[in-house]
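Engineer: File follows, final08.txt with compact mmCIF, C-alpha atoms:
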```txt
# COMPACT_ATOMS: atom_id res chain seq x y z
CA MET A 1 49.47 -124.02 75.90
CA ARG A 2 50.17 -122.54 72.48
CA ARG A 3 49.26 -118.84 72.23
CA VAL A 4 48.78 -117.06 68.91
CA ALA A 5 48.29 -113.27 69.03
CA LEU A 6 46.51 -111.99 65.97
CA GLU A 7 46.63 -108.16 66.00
CA GLU A 8 50.25 -107.21 66.58
CA ALA A 9 51.49 -104.02 64.95
CA CYS A 10 54.80 -103.30 63.24
CA TRP A 11 56.31 -100.69 60.94
CA PHE A 12 59.16 -100.44 58.47
CA THR A 13 61.15 -97.21 58.36
CA GLU A 14 62.02 -97.86 54.71
CA LEU A 15 58.48 -96.87 53.69
CA THR A 16 57.83 -93.45 52.19
CA THR A 17 54.63 -93.21 54.21
CA PRO A 18 55.56 -92.30 57.81
CA TRP A 19 53.93 -93.91 60.80
CA ARG A 20 52.02 -91.42 62.89
CA PHE A 21 50.14 -91.82 66.13
CA THR A 22 46.83 -90.04 65.69
CA THR A 23 46.29 -89.31 69.40
CA ARG A 24 49.83 -87.96 69.83
CA PRO A 25 48.83 -84.70 71.64
CA LEU A 26 47.35 -86.69 74.52
CA SER A 27 50.13 -89.24 74.86
CA ARG A 28 53.03 -89.06 77.26
CA PRO A 29 56.39 -88.75 75.47
CA LYS A 30 57.81 -91.85 77.18
CA ILE A 31 54.85 -93.92 76.02
CA LEU A 32 55.21 -92.66 72.46
CA ASP A 33 58.92 -93.44 72.51
CA ARG A 34 58.12 -96.97 73.64
CA TYR A 35 55.66 -97.46 70.79
CA VAL A 36 58.06 -96.15 68.18
CA SER A 37 60.98 -98.27 69.40
CA ARG A 38 58.91 -101.46 69.40
CA LEU A 39 56.97 -101.05 66.16
CA ALA A 40 60.10 -101.29 64.01
CA ASP A 41 61.77 -103.94 66.17
CA PHE A 42 61.43 -107.70 65.99
CA THR A 43 64.28 -109.16 68.03
CA GLU A 44 65.49 -106.73 70.71
CA PHE A 45 62.13 -106.16 72.43
CA ARG A 46 59.42 -108.17 70.70
CA LEU A 47 60.73 -111.74 70.81
CA PRO A 48 62.02 -111.47 74.40
CA GLU A 49 58.63 -110.14 75.53
CA MET A 50 56.90 -112.96 73.68
CA ASP A 51 59.20 -115.51 75.30
CA LEU A 52 58.78 -114.02 78.77
CA ASN A 53 54.99 -114.29 78.53
CA GLY A 54 54.62 -117.53 76.60
CA ILE A 55 53.46 -116.09 73.25
CA ASP A 56 54.28 -118.50 70.45
CA VAL A 57 53.25 -116.44 67.41
CA HIS A 58 52.72 -112.76 66.55
CA VAL A 59 50.63 -112.24 63.43
CA LEU A 60 52.19 -108.99 62.20
CA SER A 61 50.58 -106.13 60.31
CA LEU A 62 51.26 -102.45 59.64
CA GLY A 63 50.17 -100.27 62.55
CA ALA A 64 47.31 -97.81 62.12
CA PRO A 65 46.68 -95.79 60.07
CA GLY A 66 48.89 -97.86 57.78
CA LEU A 67 48.68 -96.85 54.14
CA GLN A 68 45.00 -95.86 54.24
CA THR A 69 45.74 -92.14 54.68
CA GLN A 70 48.41 -91.93 51.95
CA PRO A 71 47.04 -89.39 49.42
CA ASP A 72 49.41 -90.33 46.58
CA THR A 73 48.19 -93.50 44.90
CA ASP A 74 51.56 -94.30 43.34
CA VAL A 75 53.27 -94.02 46.74
CA ALA A 76 50.61 -96.25 48.30
CA VAL A 77 51.15 -98.90 45.63
CA ARG A 78 54.94 -98.84 46.05
CA ASP A 79 54.76 -98.81 49.85
CA ALA A 80 52.34 -101.74 49.95
CA ARG A 81 54.66 -103.83 47.81
CA LEU A 82 57.73 -102.84 49.85
CA ALA A 83 55.94 -103.40 53.17
CA ASN A 84 54.87 -106.87 52.12
CA ASP A 85 58.33 -107.76 50.87
CA LEU A 86 59.88 -106.61 54.16
CA LEU A 87 57.23 -108.40 56.19
CA ALA A 88 57.80 -111.62 54.25
CA GLU A 89 61.55 -111.33 54.92
CA THR A 90 60.86 -110.84 58.63
CA VAL A 91 58.57 -113.86 58.79
CA GLY A 92 61.11 -115.86 56.81
CA ARG A 93 63.80 -115.19 59.42
CA HIS A 94 61.49 -116.40 62.21
CA PRO A 95 58.94 -118.67 60.52
CA THR A 96 57.76 -120.37 63.71
CA ARG A 97 57.28 -117.08 65.61
CA PHE A 98 55.79 -114.67 63.07
CA ALA A 99 53.10 -114.68 60.41
CA GLY A 100 51.92 -111.76 58.30
CA LEU A 101 48.79 -109.88 57.22
CA ALA A 102 49.39 -108.01 53.99
CA ALA A 103 49.04 -104.28 53.35
CA VAL A 104 47.11 -103.27 50.22
CA PRO A 105 46.82 -99.95 48.33
CA LEU A 106 43.04 -99.56 48.25
CA GLN A 107 43.54 -96.14 46.68
CA ASP A 108 43.64 -98.23 43.48
CA PRO A 109 41.26 -101.20 43.83
CA ASP A 110 42.76 -103.14 40.92
CA ALA A 111 46.28 -102.66 42.27
CA ALA A 112 45.05 -103.74 45.72
CA ALA A 113 43.62 -106.97 44.32
CA ALA A 114 46.84 -107.66 42.42
CA GLU A 115 49.00 -106.99 45.49
CA LEU A 116 46.79 -109.20 47.62
CA ARG A 117 47.23 -112.01 45.10
CA ARG A 118 51.00 -111.55 45.12
CA ALA A 119 51.27 -111.25 48.90
CA VAL A 120 49.29 -114.41 49.55
CA GLY A 121 50.33 -116.49 46.55
CA GLU A 122 54.02 -115.57 46.34
CA LEU A 123 54.95 -114.23 49.79
CA GLY A 124 52.87 -116.54 51.96
CA MET A 125 50.77 -113.95 53.78
CA CYS A 126 47.84 -115.44 55.68
CA GLY A 127 45.41 -112.58 55.07
CA VAL A 128 45.19 -108.81 54.79
CA LEU A 129 44.69 -105.97 57.27
CA VAL A 130 42.96 -102.72 56.34
CA ASN A 131 42.95 -99.73 58.68
CA ASP A 132 39.30 -98.66 58.28
CA HIS A 133 38.39 -96.38 55.36
CA THR A 134 40.86 -95.33 52.66
CA LEU A 135 40.70 -91.55 52.17
CA GLY A 136 36.97 -91.65 52.94
CA HIS A 137 36.18 -94.68 50.78
CA TYR A 138 34.59 -97.72 52.42
CA LEU A 139 34.85 -101.35 51.42
CA ASP A 140 31.16 -101.74 50.60
CA GLU A 141 31.59 -99.44 47.60
CA GLU A 142 31.10 -101.02 44.18
CA GLN A 143 34.68 -100.24 43.13
CA TYR A 144 35.96 -102.88 45.57
CA GLY A 145 34.02 -105.77 44.08
CA GLY A 146 37.11 -107.19 42.37
CA PHE A 147 39.04 -107.00 45.63
CA TRP A 148 36.34 -108.99 47.48
CA ALA A 149 36.29 -111.53 44.65
CA GLU A 150 40.05 -111.97 45.06
CA LEU A 151 39.66 -112.45 48.82
CA GLU A 152 37.07 -115.16 48.19
CA GLU A 153 39.20 -116.86 45.57
CA LEU A 154 42.27 -116.87 47.84
CA ASP A 155 40.15 -117.88 50.85
CA VAL A 156 41.93 -115.58 53.29
CA PRO A 157 40.41 -113.21 55.88
CA LEU A 158 40.41 -109.42 55.96
CA TYR A 159 41.17 -107.89 59.35
CA LEU A 160 39.28 -104.59 59.56
CA HIS A 161 41.24 -102.43 61.99
CA PRO A 162 40.76 -98.84 63.20
CA GLY A 163 42.61 -96.17 61.28
CA ALA A 164 42.39 -92.40 61.02
CA GLU A 165 40.28 -90.56 63.56
CA PRO A 166 36.72 -89.78 62.47
CA GLU A 167 35.85 -86.11 62.52
CA TRP A 168 32.79 -86.00 64.76
CA SER A 169 31.50 -82.72 66.15
CA MET A 170 30.01 -84.80 68.96
CA LEU A 171 33.54 -85.18 70.36
CA ASP A 172 34.50 -81.51 70.09
CA GLY A 173 36.20 -80.49 73.30
CA TYR A 174 36.73 -84.11 74.35
CA PRO A 175 39.86 -85.28 72.54
CA GLU A 176 40.24 -88.07 75.11
CA LEU A 177 37.33 -89.85 73.39
CA ASN A 178 39.12 -89.96 70.05
CA GLY A 179 41.11 -93.01 69.09
CA ALA A 180 41.16 -96.19 71.12
CA THR A 181 39.01 -94.88 73.98
CA PHE A 182 35.84 -94.68 71.91
CA SER A 183 35.81 -93.28 68.38
CA TRP A 184 37.87 -95.98 66.71
CA ALA A 185 35.54 -98.73 67.87
CA ALA A 186 32.43 -96.85 66.79
CA SER A 187 33.93 -95.94 63.41
CA THR A 188 35.29 -99.41 62.63
CA GLY A 189 32.11 -101.06 63.85
CA GLY A 190 30.15 -98.74 61.58
CA HIS A 191 32.35 -99.74 58.66
CA ALA A 192 31.66 -103.41 59.39
CA MET A 193 27.93 -102.77 59.49
CA ARG A 194 28.18 -101.04 56.11
CA LEU A 195 29.52 -104.36 54.80
CA VAL A 196 26.53 -106.18 56.27
CA TYR A 197 23.83 -103.75 55.17
CA GLY A 198 25.58 -103.10 51.86
CA GLY A 199 25.14 -106.77 50.97
CA VAL A 200 28.86 -107.52 50.66
CA PHE A 201 28.43 -110.92 52.30
CA ASP A 202 25.43 -111.71 50.11
CA ARG A 203 27.51 -111.06 46.99
CA PHE A 204 30.61 -112.74 48.46
CA PRO A 205 29.24 -115.33 50.90
CA ARG A 206 32.61 -116.98 51.55
CA ALA A 207 34.31 -113.70 52.54
CA THR A 208 35.60 -113.47 56.11
CA VAL A 209 36.20 -110.28 58.10
CA ILE A 210 37.91 -110.12 61.49
CA LEU A 211 37.16 -107.32 63.96
CA GLY A 212 39.43 -106.60 66.90
CA HIS A 213 38.74 -105.16 70.34
CA MET A 214 36.08 -107.75 71.17
CA GLY A 215 34.16 -106.94 68.00
CA GLU A 216 34.12 -103.12 68.20
CA PHE A 217 30.92 -103.06 70.35
CA LEU A 218 28.92 -105.07 67.78
CA PRO A 219 28.35 -108.54 69.35
CA TYR A 220 26.39 -106.95 72.18
CA GLN A 221 23.93 -105.27 69.79
CA LEU A 222 22.90 -108.17 67.56
CA THR A 223 19.33 -108.47 68.81
CA ARG A 224 18.96 -104.71 68.42
CA PHE A 225 20.14 -104.88 64.80
CA ASP A 226 17.63 -107.65 64.08
CA SER A 227 14.69 -105.94 65.78
CA ARG A 228 15.26 -102.67 63.91
CA TYR A 229 15.87 -104.46 60.61
CA ARG A 230 12.27 -105.70 60.63
CA PHE A 231 11.06 -102.11 60.36
CA PHE A 232 13.12 -101.08 57.32
CA GLY A 233 10.68 -102.21 54.67
CA GLU A 234 12.04 -103.06 51.23
CA ASN A 235 14.65 -100.31 50.97
CA ARG A 236 17.58 -102.57 51.80
CA ARG A 237 16.87 -106.29 51.90
CA LEU A 238 19.41 -108.87 52.98
CA GLU A 239 19.46 -112.62 52.49
CA ARG A 240 19.79 -113.14 56.25
CA ARG A 241 19.11 -111.25 59.44
CA PRO A 242 21.99 -108.90 60.34
CA SER A 243 23.00 -111.06 63.31
CA GLU A 244 23.45 -114.12 61.09
CA TYR A 245 26.48 -112.63 59.36
CA PHE A 246 28.33 -112.70 62.69
CA GLY A 247 30.15 -115.95 63.22
CA GLU A 248 29.52 -116.99 59.62
CA ASN A 249 31.33 -114.07 57.96
CA ILE A 250 32.50 -111.87 60.84
CA LYS A 251 34.92 -113.15 63.48
CA ILE A 252 36.42 -111.19 66.37
CA THR A 253 39.54 -110.98 68.51
CA THR A 254 40.10 -109.93 72.11
CA SER A 255 42.75 -107.30 71.36
CA GLY A 256 42.91 -104.63 74.05
CA VAL A 257 39.71 -105.74 75.83
CA PHE A 258 40.81 -107.94 78.71
CA SER A 259 37.44 -108.44 80.38
CA HIS A 260 36.03 -111.89 81.15
CA ALA A 261 32.51 -110.47 81.26
CA ALA A 262 32.90 -109.07 77.73
CA LEU A 263 34.52 -112.30 76.54
CA ILE A 264 31.75 -114.57 77.81
CA ALA A 265 29.08 -112.28 76.37
CA ALA A 266 30.83 -112.28 72.98
CA ILE A 267 31.16 -116.06 73.01
CA GLN A 268 27.48 -116.43 73.86
CA ALA A 269 26.61 -114.05 71.03
CA ILE A 270 28.68 -115.48 68.17
CA GLY A 271 30.16 -118.79 69.40
CA VAL A 272 33.54 -119.74 70.80
CA ASP A 273 34.80 -120.91 67.40
CA ASN A 274 34.64 -117.32 66.17
CA VAL A 275 36.66 -115.58 68.91
CA MET A 276 40.46 -115.38 68.87
CA PHE A 277 43.10 -114.13 71.27
CA SER A 278 45.05 -110.95 70.52
CA ILE A 279 47.17 -108.49 72.45
CA ASP A 280 47.41 -105.24 70.39
CA TYR A 281 51.20 -105.05 70.83
CA PRO A 282 52.90 -102.66 71.52
CA PHE A 283 49.93 -100.56 72.61
CA GLU A 284 48.69 -102.98 75.27
CA SER A 285 50.40 -105.08 77.93
CA THR A 286 51.39 -108.60 76.88
CA GLU A 287 51.50 -109.66 80.53
CA GLU A 288 47.97 -108.41 81.16
CA ALA A 289 46.68 -110.05 77.98
CA VAL A 290 48.12 -113.44 78.92
CA ARG A 291 46.82 -113.19 82.48
CA PHE A 292 43.36 -112.45 81.04
CA LEU A 293 43.60 -115.40 78.65
CA ASP A 294 44.88 -117.94 81.15
CA GLY A 295 42.26 -116.95 83.72
CA ALA A 296 39.31 -117.08 81.34
CA PRO A 297 36.41 -119.12 82.78
CA LEU A 298 36.35 -121.62 79.91
CA SER A 299 36.76 -125.36 79.56
CA PRO A 300 40.26 -126.51 78.54
CA THR A 301 38.96 -127.31 75.05
CA ASP A 302 37.39 -123.89 74.56
CA LEU A 303 40.44 -122.17 76.03
CA ARG A 304 42.65 -123.85 73.42
CA ARG A 305 40.27 -122.71 70.70
CA LEU A 306 40.55 -119.15 71.93
CA ALA A 307 44.32 -119.26 72.50
CA HIS A 308 45.32 -120.70 69.14
CA GLY A 309 42.96 -123.23 67.57
CA ASN A 310 40.63 -120.80 65.83
CA ALA A 311 43.49 -118.68 64.50
CA ASP A 312 45.45 -121.75 63.38
CA ARG A 313 42.44 -122.94 61.41
CA LEU A 314 41.39 -119.61 59.91
CA LEU A 315 44.89 -118.46 58.96
CA ARG A 316 46.24 -121.96 58.21
CA LEU A 317 49.18 -121.47 60.53
CA PRO A 318 51.70 -124.28 61.00
CA CYS A 319 50.99 -125.76 64.42
CA PRO A 320 53.59 -127.87 66.23
CA THR A 321 51.88 -130.91 67.70
CA SER A 322 53.81 -130.49 70.94
CA ASN A 323 52.16 -127.14 71.65
CA ALA A 324 48.51 -128.19 71.81
```
Please render this file's structure as structure tokens.
Structural biologist:
Amino acid sequence: MRRVALEEACWFTELTTPWRFTTRPLSRPKILDRYVSRLADFTEFRLPEMDLNGIDVHVLSLGAPGLQTQPDTDVAVRDARLANDLLAETVGRHPTRFAGLAAVPLQDPDAAAAELRRAVGELGMCGVLVNDHTLGHYLDEEQYGGFWAELEELDVPLYLHPGAEPEWSMLDGYPELNGATFSWAASTGGHAMRLVYGGVFDRFPRATVILGHMGEFLPYQLTRFDSRYRFFGENRRLERRPSEYFGENIKITTSGVFSHAALIAAIQAIGVDNVMFSIDYPFESTEEAVRFLDGAPLSPTDLRRLAHGNADRLLRLPCPTSNA
């Protein structure tokens, strides 16, 4: 069975912006060394691990926090262009094994829209990945209207990924809860809900956003969102109930959440056509992810949708007929 993994991180050491692991103080040095060695590698570790576990395609993107924390706008613009050029070269060397999600310099919304157009139209990227907010600015803000219009025009998805750690006093004294354990999901899920309640999908109804980590908690709260929405009065009116933007505009992946209970609940909430397989390489185990996928209690047809069909369709990936 063909397997496409949608949220697979990489980095390029040629960038001015350095990669940094935001939960570094809690991480074991050997684990950090493993991450660093694999982020910038494509052939020594990555492809052999893909082959060993039957992964056909990695959809590559800059690892968090990407360019979103770069304070110098000019550097962000240059690094986005360089990152996309290098990513396109990498995909070009292995076109059947890799695809790419572009980086964009949202520090300058007009430059971000222009780079998105170049990355998709000239370099062949199949979408864009944004690591949460950009220096405290969220994608529902009016300044990003042109960027959303470009996404609609190009008909490519935006993968909204966790980024910098939120500064929450609630977590003071509990650094273990920062990052992937809890805060990233809550922060990224909150960003996605800003898009819903901010009317982004009403203004840009053909826009598509992908959330990783089984939807960052959100699919399991849809009835709650709808029940509370009825009490808001006329302050913030939407064209649909909050839950109706899921599946239609918001898709999810399984990255880093290898639970069949969570998977079935997510599928029941938003539909099997809107859930896609991911690993979260190199931060999660490819072997564990594949074991989770292959053991999922789904029909063969639905399993193929999850493993590759939905991603192939959404990202327009070339799909060999022999790997159905």
Engineer: Give me the residues within 10 Å of A:Ala113 as a list in words, counting only C-alpha atoms and dropping any in the same chain fewer than 4 places off.
Structural biologist: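 Near A:Ala113, the qualifying residues are Val104, Pro105, Leu106, Asp108, Pro109, Arg117, Arg118, Ala119, Tyr144, Gly145, Gly146, Phe147, Trp148, Ala149, Glu150 and Leu151 of chain A.
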Engineer: What is the atom CA of A:Leu306-atom CA of A:Phe277 distance in Å, reported with one decimal?
Structural biologist: 5.7 Å
Engineer: Using all atoms listed in the file, tabulate the residues of stretch 194-295 of chain A lying at most 6 Å from any atom of stretch 6-22 of chain A, each with its closest atom pair and that distance in Å to one decimal, by chain and increasing residue number, as a Markdown table.
Structural biologist:
```
| residue | atom | partner | partner_atom | distance |
| --- | --- | --- | --- | --- |
| A:Ser278 | CA | A:Leu6 | CA | 4.9 |
| A:Asp280 | CA | A:Glu8 | CA | 5.1 |
| A:Tyr281 | CA | A:Glu8 | CA | 4.9 |
```
Engineer: With distances taken over all atoms listed in the file, which of A:Thr69, A:Gln107, A:Ser299, A:Asn249 is nearest to A:Arg203?
Structural biologist: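 Using all atoms listed in the file, the shortest distance to A:Arg203 belongs to A:Asn249.
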Engineer: Excluding same-chain residues fewer than 2 positions from A:Leu263, what lies within 12 Å of it counting only C-alpha atoms, as a PyMOL selection string?
Structural biologist: chain A and resi 213-215+217+219-220+252-261+265-272+274-277+292-293+295-298+303+306
Engineer: Please enclose the listed atoms of stretch 285-291 of chain A in an axis-aligned box, pad each side by 5 Å, and write out the centre and the three edge lengths in Å, rounded to one decimal, as AutoDock Vina command-line options.
Structural biologist:
```
--center_x 49.1 --center_y -109.3 --center_z 79.7 --size_x 14.8 --size_y 18.4 --size_z 15.6
```
